[in-house]
Each structure stands twice: as C-alpha cells, then as structure tokens.
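This is query.pdb. It holds PDB, C-alpha atoms and all ligand atoms.
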ATOM      1  CA  MET V   1      -2.650 -12.000   5.180
ATOM      2  CA  HIS V   2       0.776 -12.864   3.846
ATOM      3  CA  ASN V   3       1.957 -16.158   2.461
ATOM      4  CA  PHE V   4       4.707 -17.045   4.901
ATOM      5  CA  LEU V   5       7.626 -19.200   3.858
ATOM      6  CA  PRO V   6       7.214 -22.563   5.619
ATOM      7  CA  THR V   7      10.383 -22.593   7.739
ATOM      8  CA  ALA V   8      11.596 -19.970  10.194
ATOM      9  CA  TYR V   9      14.809 -19.618  12.178
ATOM     10  CA  PHE V  10      13.873 -19.225  15.833
ATOM     11  CA  GLU V  11      15.818 -19.701  19.076
ATOM     12  CA  HIS V  12      18.888 -21.104  17.304
ATOM     13  CA  GLN V  13      17.130 -23.649  15.093
ATOM     14  CA  PHE V  14      14.976 -24.049  12.019
ATOM     15  CA  VAL V  15      11.344 -24.802  12.877
ATOM     16  CA  PRO V  16       7.998 -24.686  11.044
ATOM     17  CA  PHE V  17       6.859 -21.048  10.831
ATOM     18  CA  LYS V  18       3.732 -21.808  12.879
ATOM     19  CA  GLU V  19       5.858 -23.017  15.791
ATOM     20  CA  ALA V  20       8.001 -19.881  15.917
ATOM     21  CA  ASN V  21       6.039 -17.982  18.582
ATOM     22  CA  ILE V  22       6.960 -15.624  21.396
ATOM     23  CA  SER V  23       5.371 -14.895  24.782
ATOM     24  CA  ILE V  24       3.081 -11.926  25.435
ATOM     25  CA  ALA V  25       5.591 -10.882  28.109
ATOM     26  CA  THR V  26       8.456 -10.506  25.628
ATOM     27  CA  HIS V  27      10.371  -7.347  26.539
ATOM     28  CA  ALA V  28      10.763  -6.045  22.962
ATOM     29  CA  LEU V  29       7.046  -6.202  22.322
ATOM     30  CA  HIS V  30       6.504  -3.645  25.078
ATOM     31  CA  TYR V  31       9.476  -1.331  24.556
ATOM     32  CA  GLY V  32      10.187  -1.462  20.814
ATOM     33  CA  THR V  33      13.700  -2.720  21.609
ATOM     34  CA  GLY V  34      14.144  -4.722  18.463
ATOM     35  CA  ALA V  35      15.695  -4.054  15.086
ATOM     36  CA  PHE V  36      15.025  -5.633  11.774
ATOM     37  CA  GLY V  37      16.269  -6.095   8.274
ATOM     38  CA  GLY V  38      14.410  -6.613   5.057
ATOM     39  CA  MET V  39      15.845  -8.061   1.907
ATOM     40  CA  ARG V  40      14.455  -9.399  -1.313
ATOM     41  CA  GLY V  41      15.159 -12.546  -3.238
ATOM     42  CA  ILE V  42      13.885 -14.186  -6.395
ATOM     43  CA  PRO V  43      14.304 -17.580  -8.049
ATOM     44  CA  ASP V  44      17.044 -17.075 -10.660
ATOM     45  CA  PRO V  45      15.188 -16.599 -13.997
ATOM     46  CA  GLN V  46      18.203 -18.174 -15.759
ATOM     47  CA  ASN V  47      18.773 -21.099 -13.393
ATOM     48  CA  PRO V  48      15.967 -22.983 -11.576
ATOM     49  CA  ASN V  49      18.454 -24.424  -9.049
ATOM     50  CA  GLN V  50      19.435 -21.071  -7.678
ATOM     51  CA  ILE V  51      17.985 -18.202  -5.627
ATOM     52  CA  LEU V  52      19.272 -14.663  -6.006
ATOM     53  CA  LEU V  53      19.515 -12.348  -2.995
ATOM     54  CA  PHE V  54      20.148  -8.650  -3.542
ATOM     55  CA  ARG V  55      23.037  -7.117  -1.580
ATOM     56  CA  LEU V  56      22.985  -9.757   1.133
ATOM     57  CA  ASP V  57      26.287  -8.492   2.556
ATOM     58  CA  ARG V  58      25.058  -4.930   3.056
ATOM     59  CA  HIS V  59      21.790  -6.048   4.608
ATOM     60  CA  CYS V  60      23.637  -8.250   7.096
ATOM     61  CA  GLN V  61      26.090  -5.463   7.946
ATOM     62  CA  ARG V  62      23.238  -3.036   8.603
ATOM     63  CA  LEU V  63      21.431  -5.506  10.829
ATOM     64  CA  SER V  64      24.615  -6.232  12.744
ATOM     65  CA  GLN V  65      25.041  -2.474  13.291
ATOM     66  CA  SER V  66      21.433  -2.150  14.425
ATOM     67  CA  ALA V  67      22.059  -5.018  16.863
ATOM     68  CA  ARG V  68      25.120  -3.188  18.206
ATOM     69  CA  LEU V  69      22.964  -0.161  18.939
ATOM     70  CA  LEU V  70      20.824  -2.511  21.052
ATOM     71  CA  HIS V  71      23.908  -3.850  22.884
ATOM     72  CA  PHE V  72      23.715  -7.160  21.052
ATOM     73  CA  ASP V  73      26.831  -8.574  19.454
ATOM     74  CA  LEU V  74      25.681 -10.386  16.326
ATOM     75  CA  PRO V  75      28.368 -10.518  13.616
ATOM     76  CA  ALA V  76      27.279  -9.908  10.020
ATOM     77  CA  ASP V  77      28.869 -13.133   8.771
ATOM     78  CA  LYS V  78      26.828 -15.160  11.252
ATOM     79  CA  ILE V  79      23.599 -13.524  10.050
ATOM     80  CA  GLU V  80      24.686 -14.135   6.439
ATOM     81  CA  GLN V  81      25.180 -17.853   7.033
ATOM     82  CA  ILE V  82      21.808 -18.248   8.773
ATOM     83  CA  ILE V  83      20.065 -16.453   5.913
ATOM     84  CA  LYS V  84      21.737 -18.667   3.309
ATOM     85  CA  ASP V  85      20.603 -21.760   5.258
ATOM     86  CA  PHE V  86      17.134 -20.241   5.636
ATOM     87  CA  VAL V  87      16.810 -19.822   1.868
ATOM     88  CA  GLN V  88      18.051 -23.347   1.190
ATOM     89  CA  LYS V  89      15.516 -24.786   3.642
ATOM     90  CA  ASN V  90      12.603 -22.794   2.185
ATOM     91  CA  ARG V  91      13.380 -23.094  -1.543
ATOM     92  CA  PRO V  92      11.070 -20.148  -2.456
ATOM     93  CA  GLN V  93       9.249 -20.463  -5.780
ATOM     94  CA  THR V  94       8.339 -16.800  -6.261
ATOM     95  CA  SER V  95       9.678 -13.403  -5.394
ATOM     96  CA  PHE V  96      10.032 -13.104  -1.598
ATOM     97  CA  TYR V  97      11.097 -10.898   1.277
ATOM     98  CA  ILE V  98      13.202 -11.973   4.248
ATOM     99  CA  ARG V  99      12.640 -10.397   7.636
ATOM    100  CA  PRO V 100      15.484 -11.001  10.138
ATOM    101  CA  PHE V 101      14.810  -9.565  13.595
ATOM    102  CA  VAL V 102      16.946  -8.996  16.693
ATOM    103  CA  TYR V 103      15.225  -8.226  19.981
ATOM    104  CA  THR V 104      15.273  -8.267  23.750
ATOM    105  CA  SER V 105      13.711 -11.651  24.356
ATOM    106  CA  ASP V 106      13.555 -11.653  28.180
ATOM    107  CA  LEU V 107      10.177 -11.981  29.799
ATOM    108  CA  GLY V 108       9.710  -9.090  32.145
ATOM    109  CA  ILE V 109       9.340  -5.370  32.542
ATOM    110  CA  ALA V 110      11.623  -2.314  32.813
ATOM    111  CA  PRO V 111      13.021  -0.620  29.719
ATOM    112  CA  ARG V 112      16.755  -1.280  29.335
ATOM    113  CA  LEU V 113      19.322  -2.879  27.085
ATOM    114  CA  HIS V 114      21.829  -4.128  29.679
ATOM    115  CA  ASN V 115      21.559  -7.408  31.587
ATOM    116  CA  ILE V 116      18.868  -8.709  29.340
ATOM    117  CA  GLU V 117      18.649 -11.707  27.038
ATOM    118  CA  LYS V 118      18.608 -10.950  23.308
ATOM    119  CA  ASN V 119      17.615 -13.202  20.479
ATOM    120  CA  PHE V 120      17.418 -13.379  16.715
ATOM    121  CA  PHE V 121      14.823 -14.839  14.356
ATOM    122  CA  VAL V 122      14.246 -14.924  10.622
ATOM    123  CA  TYR V 123      11.091 -15.515   8.654
ATOM    124  CA  GLY V 124      10.014 -14.792   5.114
ATOM    125  CA  ILE V 125       6.965 -13.919   3.054
ATOM    126  CA  GLU V 126       6.133 -14.131  -0.611
ATOM    127  CA  LEU V 127       6.131 -10.552  -1.858
ATOM    128  CA  GLY V 128       5.310  -9.079  -5.254
ATOM    129  CA  ASP V 129       4.796  -5.328  -5.575
ATOM    130  CA  TYR V 130       4.595  -3.441  -2.282
ATOM    131  CA  LEU V 131       3.512  -0.161  -3.905
ATOM    132  CA  SER V 132       1.935   0.277  -7.334
ATOM    133  CA  PRO V 133       4.690   0.303  -9.989
ATOM    134  CA  ASP V 134       2.532   2.824 -11.933
ATOM    135  CA  GLY V 135       3.202   5.387  -9.254
ATOM    136  CA  VAL V 136       1.787   6.616  -5.961
ATOM    137  CA  SER V 137       0.224   9.714  -4.439
ATOM    138  CA  CYS V 138       1.849  11.086  -1.283
ATOM    139  CA  ARG V 139       0.671  13.178   1.604
ATOM    140  CA  ILE V 140       3.147  15.333   3.472
ATOM    141  CA  SER V 141       2.831  13.988   6.966
ATOM    142  CA  SER V 142       1.863  16.007   9.988
ATOM    143  CA  TRP V 143       4.227  13.672  11.892
ATOM    144  CA  CYS V 144       7.885  14.553  11.632
ATOM    145  CA  ARG V 145      10.775  12.136  11.276
ATOM    146  CA  GLN V 146      12.540  11.603  14.600
ATOM    147  CA  ALA V 147      15.960  13.126  15.204
ATOM    148  CA  ASP V 148      19.062  10.983  15.677
ATOM    149  CA  HIS V 149      19.627  12.445  19.145
ATOM    150  CA  SER V 150      16.337  10.966  20.347
ATOM    151  CA  LEU V 151      16.446   7.649  18.501
ATOM    152  CA  PRO V 152      19.367   5.928  16.758
ATOM    153  CA  LEU V 153      18.259   6.366  13.163
ATOM    154  CA  ARG V 154      21.276   4.615  11.617
ATOM    155  CA  GLY V 155      19.735   1.428  12.951
ATOM    156  CA  LYS V 156      16.468  -0.004  11.722
ATOM    157  CA  ILE V 157      14.985   0.041  15.223
ATOM    158  CA  SER V 158      11.515  -1.432  15.505
ATOM    159  CA  GLY V 159      10.254   1.185  17.984
ATOM    160  CA  ALA V 160      10.972   3.915  15.433
ATOM    161  CA  TYR V 161       8.248   2.541  13.204
ATOM    162  CA  ILE V 162       5.489   4.059  15.323
ATOM    163  CA  THR V 163       6.121   7.289  13.417
ATOM    164  CA  SER V 164       6.072   5.498  10.056
ATOM    165  CA  SER V 165       2.846   3.766  11.045
ATOM    166  CA  LEU V 166       1.141   6.984  12.127
ATOM    167  CA  ALA V 167       2.242   8.720   8.933
ATOM    168  CA  LYS V 168       1.223   5.895   6.609
ATOM    169  CA  THR V 169      -2.233   5.553   8.172
ATOM    170  CA  GLU V 170      -2.786   9.302   8.155
ATOM    171  CA  ALA V 171      -1.939   9.312   4.437
ATOM    172  CA  VAL V 172      -4.063   6.304   3.500
ATOM    173  CA  GLU V 173      -7.069   7.383   5.559
ATOM    174  CA  SER V 174      -7.053  10.720   3.781
ATOM    175  CA  GLY V 175      -6.949   9.147   0.326
ATOM    176  CA  PHE V 176      -3.207   8.977  -0.442
ATOM    177  CA  ASP V 177      -0.971   5.962  -0.960
ATOM    178  CA  GLU V 178       2.113   7.004   0.982
ATOM    179  CA  ALA V 179       3.494   9.573   3.405
ATOM    180  CA  ILE V 180       6.486  11.861   3.042
ATOM    181  CA  LEU V 181       7.973  12.969   6.346
ATOM    182  CA  MET V 182       9.844  16.197   6.989
ATOM    183  CA  ASN V 183      12.447  16.289   9.738
ATOM    184  CA  ALA V 184      12.424  18.588  12.755
ATOM    185  CA  GLN V 185      14.128  21.300  10.650
ATOM    186  CA  GLY V 186      11.316  21.175   8.110
ATOM    187  CA  LYS V 187      13.458  19.593   5.383
ATOM    188  CA  VAL V 188      12.390  16.563   3.387
ATOM    189  CA  SER V 189      13.534  13.347   5.078
ATOM    190  CA  GLU V 190      11.968  10.173   3.681
ATOM    191  CA  ALA V 191       8.746   8.192   3.245
ATOM    192  CA  SER V 192       7.255   5.681   5.721
ATOM    193  CA  GLY V 193       9.611   2.912   4.589
ATOM    194  CA  MET V 194      11.500   4.361   1.632
ATOM    195  CA  ASN V 195      14.091   6.988   0.820
ATOM    196  CA  ILE V 196      13.145   9.792  -1.531
ATOM    197  CA  PHE V 197      14.721  11.285  -4.650
ATOM    198  CA  ILE V 198      13.804  14.227  -6.854
ATOM    199  CA  VAL V 199      15.017  15.093 -10.348
ATOM    200  CA  ARG V 200      15.456  18.711 -11.386
ATOM    201  CA  HIS V 201      17.048  19.922 -14.619
ATOM    202  CA  GLY V 202      18.526  16.495 -15.325
ATOM    203  CA  LYS V 203      20.125  16.238 -11.887
ATOM    204  CA  ILE V 204      19.228  13.738  -9.150
ATOM    205  CA  ILE V 205      18.877  15.223  -5.678
ATOM    206  CA  THR V 206      18.322  13.294  -2.451
ATOM    207  CA  PRO V 207      18.464  14.270   1.234
ATOM    208  CA  GLY V 208      21.795  13.393   2.867
ATOM    209  CA  PHE V 209      22.338  11.471   6.111
ATOM    210  CA  GLU V 210      22.113  14.686   8.143
ATOM    211  CA  GLN V 211      18.414  14.804   7.232
ATOM    212  CA  ASP V 212      17.664  11.925   9.639
ATOM    213  CA  ILE V 213      17.170   9.292   6.952
ATOM    214  CA  LEU V 214      17.698   5.561   7.179
ATOM    215  CA  GLU V 215      20.876   4.293   5.493
ATOM    216  CA  GLY V 216      18.862   2.762   2.674
ATOM    217  CA  ILE V 217      20.575   0.076   0.660
ATOM    218  CA  THR V 218      18.423   0.756  -2.394
ATOM    219  CA  ARG V 219      19.307   4.440  -2.002
ATOM    220  CA  ASP V 220      22.984   3.550  -2.029
ATOM    221  CA  SER V 221      22.446   1.415  -5.151
ATOM    222  CA  VAL V 222      20.538   4.198  -6.931
ATOM    223  CA  LEU V 223      23.298   6.709  -6.192
ATOM    224  CA  GLN V 224      25.958   4.391  -7.534
ATOM    225  CA  LEU V 225      23.942   3.505 -10.645
ATOM    226  CA  ALA V 226      23.205   7.140 -11.401
ATOM    227  CA  ARG V 227      26.880   8.061 -11.113
ATOM    228  CA  ASP V 228      27.871   5.158 -13.366
ATOM    229  CA  LEU V 229      25.230   6.232 -15.903
ATOM    230  CA  GLY V 230      26.715   9.726 -15.924
ATOM    231  CA  ILE V 231      23.661  11.360 -14.320
ATOM    232  CA  PRO V 232      24.735  14.108 -11.893
ATOM    233  CA  VAL V 233      23.754  13.344  -8.282
ATOM    234  CA  VAL V 234      23.685  15.633  -5.276
ATOM    235  CA  GLU V 235      23.045  14.750  -1.637
ATOM    236  CA  ARG V 236      21.754  17.876   0.036
ATOM    237  CA  PRO V 237      18.778  19.256   1.988
ATOM    238  CA  VAL V 238      15.550  19.364  -0.037
ATOM    239  CA  ASP V 239      12.788  21.913   0.621
ATOM    240  CA  LYS V 240       9.115  21.053   0.477
ATOM    241  CA  SER V 241       8.605  23.529  -2.380
ATOM    242  CA  GLU V 242      11.303  21.812  -4.458
ATOM    243  CA  LEU V 243       9.476  18.542  -4.028
ATOM    244  CA  LEU V 244       6.291  20.118  -5.359
ATOM    245  CA  ILE V 245       7.918  21.497  -8.514
ATOM    246  CA  ALA V 246      10.345  18.638  -9.254
ATOM    247  CA  ASP V 247      10.458  17.155 -12.775
ATOM    248  CA  GLU V 248      10.412  13.657 -11.309
ATOM    249  CA  VAL V 249      10.033  12.240  -7.793
ATOM    250  CA  PHE V 250      10.585   8.631  -6.817
ATOM    251  CA  LEU V 251      10.856   6.476  -3.703
ATOM    252  CA  SER V 252      13.456   3.761  -3.159
ATOM    253  CA  GLY V 253      13.351   0.772  -0.847
ATOM    254  CA  THR V 254      13.735  -2.966  -0.719
ATOM    255  CA  ALA V 255       9.981  -3.569  -0.667
ATOM    256  CA  ALA V 256       9.071  -0.584  -2.875
ATOM    257  CA  LYS V 257      12.048  -0.980  -5.273
ATOM    258  CA  ILE V 258      11.901   2.244  -7.339
ATOM    259  CA  THR V 259       8.362   3.646  -7.220
ATOM    260  CA  PRO V 260       7.442   6.840  -9.083
ATOM    261  CA  VAL V 261       5.489   9.540  -7.230
ATOM    262  CA  LYS V 262       2.577  10.812  -9.326
ATOM    263  CA  ARG V 263       1.175  13.405  -6.980
ATOM    264  CA  ILE V 264       2.165  15.141  -3.744
ATOM    265  CA  GLU V 265      -0.717  16.716  -1.847
ATOM    266  CA  ASN V 266      -2.560  18.688  -4.571
ATOM    267  CA  TYR V 267       0.446  18.980  -6.924
ATOM    268  CA  THR V 268       0.785  16.616  -9.886
ATOM    269  CA  THR V 269       4.259  15.457 -10.937
ATOM    270  CA  PRO V 270       4.896  15.357 -14.727
ATOM    271  CA  SER V 271       4.022  11.980 -16.263
ATOM    272  CA  GLU V 272       7.255  11.762 -18.304
ATOM    273  CA  ARG V 273       9.888  10.155 -16.052
ATOM    274  CA  PRO V 274      12.944   9.336 -18.176
ATOM    275  CA  ILE V 275      15.465   9.172 -15.320
ATOM    276  CA  THR V 276      13.212   7.208 -12.939
ATOM    277  CA  GLU V 277      12.473   4.689 -15.700
ATOM    278  CA  LYS V 278      16.119   4.344 -16.687
ATOM    279  CA  LEU V 279      17.178   3.650 -13.106
ATOM    280  CA  ARG V 280      14.303   1.271 -12.517
ATOM    281  CA  ASP V 281      15.082  -0.762 -15.664
ATOM    282  CA  LYS V 282      18.716  -0.954 -14.657
ATOM    283  CA  LEU V 283      17.916  -2.038 -11.091
ATOM    284  CA  THR V 284      15.499  -4.716 -12.330
ATOM    285  CA  ALA V 285      18.125  -6.096 -14.716
ATOM    286  CA  ILE V 286      20.684  -6.208 -11.898
ATOM    287  CA  THR V 287      18.404  -7.997  -9.416
ATOM    288  CA  GLU V 288      17.627 -10.585 -12.118
ATOM    289  CA  ASN V 289      21.358 -11.051 -12.703
ATOM    290  CA  ARG V 290      21.157  -9.781 -16.299
ATOM    291  CA  ASP V 291      23.803  -7.115 -15.814
ATOM    292  CA  SER V 292      27.349  -8.407 -15.444
ATOM    293  CA  GLN V 293      28.661  -4.998 -14.348
ATOM    294  CA  TYR V 294      26.914  -5.312 -10.968
ATOM    295  CA  GLN V 295      27.265  -9.031 -10.347
ATOM    296  CA  GLN V 296      28.857  -8.325  -6.980
ATOM    297  CA  TRP V 297      25.449  -7.059  -5.766
ATOM    298  CA  VAL V 298      23.730 -10.364  -6.486
ATOM    299  CA  PHE V 299      24.268 -13.338  -4.163
ATOM    300  CA  PRO V 300      23.387 -16.652  -5.792
ATOM    301  CA  ILE V 301      22.274 -19.325  -3.303
ATOM    302  CA  PRO V 302      22.467 -22.816  -4.867
ATOM    303  CA  LEU V 303      19.583 -25.152  -4.056
ATOM    304  CA  ASN V 304      21.387 -28.360  -5.182
TER
HETATM  305  N1  LIG O   1      13.598   4.318   5.164
HETATM  306  C1  LIG O   1      12.897   3.552   6.021
HETATM  307  C2  LIG O   1      12.274   4.172   7.231
HETATM  308  C3  LIG O   1      12.749   2.174   5.755
HETATM  309  O1  LIG O   1      12.048   1.403   6.588
HETATM  310  C4  LIG O   1      13.335   1.631   4.590
HETATM  311  C5  LIG O   1      13.166   0.174   4.282
HETATM  312  N2  LIG O   1      14.182  -0.588   4.835
HETATM  313  C6  LIG O   1      14.066   2.478   3.737
HETATM  314  C7  LIG O   1      14.170   3.824   4.060
HETATM  315  C8  LIG O   1      14.744   1.956   2.515
HETATM  316  O2  LIG O   1      15.834   1.148   2.865
HETATM  317  P1  LIG O   1      16.319  -0.065   1.961
HETATM  318  O3  LIG O   1      16.539   0.463   0.593
HETATM  319  O4  LIG O   1      17.552  -0.523   2.608
HETATM  320  O5  LIG O   1      15.224  -1.086   1.985
END
What would the structure in this file look like if it were written as structure tokens?
Ligand code: PMP
Amino acid sequence: MHNFLPTAYFEHQFVPFKEANISIATHALHYGTGAFGGMRGIPDPQNPNQILLFRLDRHCQRLSQSARLLHFDLPADKIEQIIKDFVQKNRPQTSFYIRPFVYTSDLGIAPRLHNIEKNFFVYGIELGDYLSPDGVSCRISSWCRQADHSLPLRGKISGAYITSSLAKTEAVESGFDEAILMNAQGKVSEASGMNIFIVRHGKIITPGFEQDILEGITRDSVLQLARDLGIPVVERPVDKSELLIADEVFLSGTAAKITPVKRIENYTTPSERPITEKLRDKLTAITENRDSQYQQWVFPIPLN
C-alpha cells in the first residue's frame, strides 16, 4: 500500500485524498479511455521552503497531448498551475510522485470519445526507489508492444497498460524483475514502464520513435546529457542479440530513474557500467538542483 499525499485535486477542487472517489460506472474504468502523467518531486535539499519538480513543463505538455488524443482540450499551462497548487497544498516531506489523470468521467456504457464528459484529477504518493538501484534482471516478454496504428502510443493512454501489466507479471512470476518488450517487427521497444538504452563500444544506442516507444522524458534527458558529455548517441533499431551482448544496458523512466540491467534472460551483462553510472550521477545532481547547467529542467515550487 502506498503512502498517499493527503490532498487530491478532484472535480475542479482540492479535497482530502479519501474523498476523491469515482463511481463503478465510470466510463474510463471500463474502456481504458484515460491518460496519465507521472512526475517526480523532492524537497529541495538546499532549501527547506521549496519543492523541486523535474521537467514539469514537459510532463504537462505530454499530458495535454495525451488528452488531445482522447478529444479532451486541457491546456498544458492549466495542468501546470494545478500541479503547482497541488504541491503547495500537500507540502511533501520526502521524495514523491505525482499522478495526474484525464479520463472519460461519464457514467454509462458504449466505447467512444465524442459527446462524453471528461475530467481531470491529480493525486500523489511518497515514492523512493521503484526498481533496485543495484540493477535488475529482465525477461524478454512473450507479449509484444502495441503498434501506433492500433493504439496512439505518443500518448500515455491508460488502456495501453494492459500489455505492460501482462509483461511485468509474466516476468516477475518467472523470477525476473522487469520485462523488455519487442515490437511487432521483432525489434527492441521498451520495458513495462521505462525506455531502454544499450552501450556498445563507448556508444549509446536506443530505439527511436519508430520502434513504438513512449516519448519518455527521462529518455530525452539522457540523450541530451550524453550529447553534452561528448558520448556518441544513436537512435536506431536494436536487435535482441545486440541487447544480449551489450557492454551496458539500462532503463530510464520517471519512477525508475536510471536503472542498470544486470541480466537479460540467461545472459549476464558486465558488472562494470561506467557510462550508466556517469549518466545516473549527473541526473541525480540535476534533480537535486546541484548542477547549474541544467537549472531549466528543475522547477522550484516555493512553500512560503
Ligand atoms: N515507457 C512507458 C511505457 C512508460 O510508462 C514510461 C513511464 N512514463 C516510460 C517509458 C518512461 O517515460 P518517462 O521517462 O517520461 O517517465
């Protein structure tokens, strides 16, 4: 059970989390017609009167785009303001995760997106490590990542997470920590809730958008950091066999941050991970506002 932040935003107002409840007849619950975001924040280690949110602008833009795919006009700046207010009302004391959600809130049946009420809520949980920072083992899933022509993958659509859920449970129930999904073409796509990177011969390689991946914000940050650090990066299709013989493999995501992969199926990844560690240290310093070069990625929310 999670520790929920005490106040939620629900039906246009801030209410105690326990009072933010929906009906069993809610349309989105039946049809997966919701979309969510997920962002992290921490109390500023340098200033107790301030919370730091990582890449708030990008998270709000992505959610607004996901909402558009669901025929819901919810501007990014409106989401941003509600999230700032949400943080100020909750005053989190530890590292936390914010979950904003847009959904078809009508009560009634028939799958559709037109002529139907939509709504937006936000809640939060305290969240430390989501995956072990020492590294994880991964199973290559028997479930394949959906294709963009069957499901709008540029949005973080809730219904899409059936595949992630099947893959994650298949992996865990067979003794692994995480799942890596291939796409319909048999190329590496991503993990259940993370993008994937490999390192070969000093070069970082990650599947591009044409491999049916989510537009990960951590992925975008990793690519930019690597380029700035002078590490060559390539976005291109990755074969399963490359994954198995890579020098380093890591996952990136808001919850997972940068998590090394120790083993894939019955192949062990080398234990030396200089590039993964360098990127992880850099990302940690940035999220804690200790790196002035990337200050524009950190949104300080004053608690006054
Ligand atoms: N892929 C999927 C399927 C995800 O759910 C997530 C988590 N949002 C990611 C990748 C990583 O995205 P981000 O770095 O924006 O959290």
Expansion of the PyMOL selection byres (((chain V and resi 174) around 12) and not hetatm) into residues, as a PyMOL selection string: chain V and resi 137-141+167-173+175-179+265
At a cut-off of 8 Å and counting only C-alpha atoms and all ligand atoms, what residues surround ligand LIG 1 (chain O)? Please answer as a ChimeraX atom specification. /V:37-39,59,156,161,164,190-195,213-220,252-257
Using Å and a single decimal, report how far atom CA of V:Gln185 sits from atom CA of V:Leu244. 17.9 Å
Counting all atoms listed in the file, which residues have an atom no more than 10 Å from (25.5, -12.0, 18.4) in the file's coordinates? Please list them as a ChimeraX atom specification. /V:64,67-68,71-76,78-79,102,118-120
Please expand the PyMOL selection byres (((chain V and resi 16) around 12) and not hetatm) into the concrete residues it hits in this file, giving the result as an NGL selection string. :V and (4-10 or 13-15 or 17-21 or 86 or 89-90 or 122-124)
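Reported to one decimal place, the separation of atom CA of V:Gly159 from atom CA of V:Ile180 is 18.7 Å.
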Could you check which of V:Gln61, V:Asn304, V:Asn3, V:Asn49 is closest to V:Gly128, using all atoms listed in the file? V:Asn3
If we count all atoms listed in the file and set the cut-off at 10 Å, which residues sit around V:Ile301, ignoring sequence neighbours fewer than 6 positions away in its own chain? Please answer as a PyMOL selection string. chain V and resi 41+43-44+49-53+83-85+87-88+91
Surrounding residues of stretch 285-291 of chain V excluding itself and chain neighbours under 5 positions, 7 Å, all atoms listed in the file, as a VMD selection string: chain V and resid 44 to 45 54 298
For this structure, which residues satisfy the selection - the PyMOL selection byres (((chain V and resi 282) around 12) and not hetatm) - when it is evaluated on the file as given? I want them as a PyMOL selection string. chain V and resi 221-222+224-226+228-229+257-258+275-281+283-294
So what do you get for atom CA of V:Ser23 versus atom CA of V:Leu113, distance-wise? 18.6 Å
Can you work out which one of V:Asp148, V:Glu235, V:Glu126, V:Asp134 has the shortest atom-to-atom distance to V:Lys262, counting only C-alpha atoms? V:Asp134
